[in-house]
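Okay, coords-v8.cif is below, mmCIF, C-alpha atoms:
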```
data_start
#
loop_
_atom_site.label_atom_id
_atom_site.label_comp_id
_atom_site.auth_asym_id
_atom_site.auth_seq_id
_atom_site.Cartn_x
_atom_site.Cartn_y
_atom_site.Cartn_z
CA MET U 1 70.87 -63.97 70.19
CA SER U 2 71.82 -66.35 67.45
CA ALA U 3 72.50 -66.14 63.74
CA ASP U 4 70.09 -69.07 63.31
CA SER U 5 66.81 -68.49 61.51
CA VAL U 6 63.60 -67.64 63.35
CA LYS U 7 62.30 -71.10 62.45
CA ALA U 8 65.40 -72.82 63.89
CA GLN U 9 65.11 -70.74 67.06
CA ALA U 10 61.44 -71.69 67.43
CA SER U 11 62.31 -75.39 67.10
CA PHE U 12 65.13 -75.08 69.66
CA ARG U 13 62.84 -73.23 72.07
CA ALA U 14 60.12 -75.89 71.73
CA LYS U 15 62.60 -78.77 72.12
CA PHE U 16 63.89 -77.44 75.44
CA LYS U 17 60.51 -76.03 76.56
CA PHE U 18 61.88 -72.54 77.20
CA ASN U 19 59.29 -70.07 78.52
CA PHE U 20 61.08 -67.08 76.97
CA LEU U 21 61.77 -65.82 73.46
CA LEU U 22 65.03 -66.44 71.63
CA LEU U 23 66.36 -63.72 69.34
CA SER U 24 67.42 -64.37 65.76
CA ASP U 25 69.87 -62.24 63.74
CA PRO U 26 70.80 -64.13 60.57
CA GLY U 27 72.16 -60.91 59.00
CA HIS U 28 74.49 -60.33 62.00
CA LYS U 29 73.47 -56.66 62.28
CA THR U 30 72.81 -56.63 66.03
CA ILE U 31 75.47 -59.24 66.76
CA ALA U 32 78.04 -57.00 65.07
CA ALA U 33 76.74 -53.89 66.86
CA TYR U 34 77.41 -55.63 70.19
CA GLY U 35 80.94 -56.52 69.05
CA ALA U 36 80.30 -60.26 69.02
CA TRP U 37 80.86 -60.81 65.26
CA GLN U 38 84.61 -61.34 65.25
CA GLN U 39 87.57 -62.86 63.48
CA LYS U 40 88.01 -66.41 64.76
CA GLN U 41 90.48 -69.18 64.12
CA PHE U 42 90.08 -72.95 64.23
CA MET U 43 92.65 -75.50 63.09
CA GLY U 44 94.64 -72.78 61.34
CA ARG U 45 91.64 -71.48 59.38
CA LYS U 46 90.49 -67.89 59.93
CA PHE U 47 86.84 -66.94 59.55
CA ARG U 48 84.19 -64.53 60.90
CA GLY U 49 81.88 -65.89 63.54
CA ILE U 50 80.07 -65.21 66.78
CA ALA U 51 82.22 -64.87 69.89
CA ARG U 52 80.10 -66.42 72.62
CA SER U 53 79.38 -63.52 74.96
CA SER U 54 76.76 -62.55 77.51
CA PHE U 55 75.26 -59.14 78.14
CA LEU U 56 73.10 -58.31 81.14
CA ILE U 57 70.72 -55.59 80.00
CA GLY U 58 68.99 -53.68 82.78
CA LYS U 59 65.46 -52.33 82.97
CA THR U 60 66.58 -49.04 81.38
CA GLY U 61 67.93 -50.89 78.34
CA LYS U 62 71.58 -50.24 79.22
CA ILE U 63 74.24 -52.93 79.49
CA GLU U 64 74.97 -53.50 83.18
CA GLU U 65 77.39 -56.42 82.89
CA LEU U 66 79.42 -57.95 80.06
CA TRP U 67 81.01 -61.36 79.87
CA PRO U 68 83.18 -61.60 76.73
CA LEU U 69 84.36 -65.00 75.49
CA VAL U 70 82.07 -67.09 77.69
CA ARG U 71 82.78 -70.70 78.55
CA ALA U 72 79.52 -72.60 79.04
CA LYS U 73 80.57 -74.53 82.17
CA GLY U 74 79.63 -72.53 85.26
CA HIS U 75 78.53 -69.45 83.34
CA ALA U 76 74.83 -69.66 84.20
CA SER U 77 75.68 -69.76 87.91
CA GLU U 78 77.95 -66.75 87.53
CA VAL U 79 75.22 -64.74 85.77
CA LEU U 80 72.56 -65.75 88.31
CA SER U 81 74.88 -64.69 91.12
CA VAL U 82 75.27 -61.21 89.61
CA ILE U 83 71.53 -60.90 88.98
CA SER U 84 70.70 -61.89 92.57
CA LYS U 85 72.81 -58.97 93.84
CA LYS U 86 70.97 -56.35 91.76
#
```
Take the structure in this file and express it as structure tokens.
Amino acid sequence: MSADSVKAQASFRAKFKFNFLLLSDPGHKTIAAYGAWQQKQFMGRKFRGIARSSFLIGKTGKIEELWPLVRAKGHASEVLSVISKK
């Protein structure tokens, strides 16, 4: 989920030829509900922003795994490993 607009998400999806939907939350309602809208700091400046996180949501709609503060490198492999064991 991103705070980007639906239009921006559609462009991103088309550019990378994703075969799945991307979720848009420009008002941060769902992002905040998941605890990912947080106080951040960069170069001494504090601001609110999205903490890059991943949530594995099972077939019942419940969160089965949570990865807070994700680093992009190696993360996809980690998630796929967990999914393959379910």
U:Ala3 proximity check over U:Arg71, U:Ala51, U:Lys17, U:Lys40, using all atoms listed in the file: winner is U:Ala51
Let me know the residues the PyMOL selection byres ((chain U and resi 59-69) around 12) catches in the file above, as number ranges by chain.
-> U: 34-38, 40, 50-58, 70-72, 75-76, 78-83, 86
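Between atom CA of U:Gly27 and atom CA of U:Ala10 lies a distance of 17.4 Å.
Atom CA of U:Met1 is found 8.7 Å from atom CA of U:Thr30.
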Check which residues satisfy the PyMOL selection byres ((chain U and resi 24) around 6) in the file shown, then give them as an MDAnalysis selection string.
-> chainID U and resid 1:6 23 25
Straight-line distance linking atom CA of U:Lys29 with atom CA of U:Arg48, stated in Å to one decimal | 13.4 Å
Skipping near chain neighbours, those fewer than 4 positions away, what residues fall within 7 Å of U:Gln39 using only C-alpha atoms, listed as a PDB file with C-alpha atoms, keeping the file's coordinate frame?
```pdb
ATOM      1  CA  LYS U  46      90.490 -67.890  59.930  1.00  0.00           C
ATOM      2  CA  PHE U  47      86.840 -66.940  59.550  1.00  0.00           C
ATOM      3  CA  ARG U  48      84.190 -64.530  60.900  1.00  0.00           C
ATOM      4  CA  GLY U  49      81.880 -65.890  63.540  1.00  0.00           C
TER       5      GLY U  49
END
```
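Minimum atom-to-atom distances from U:Ser84, U:Phe42, U:Arg13, U:Lys7 to U:Pro26 were compared using only C-alpha atoms, and the lowest value belongs to U:Lys7.
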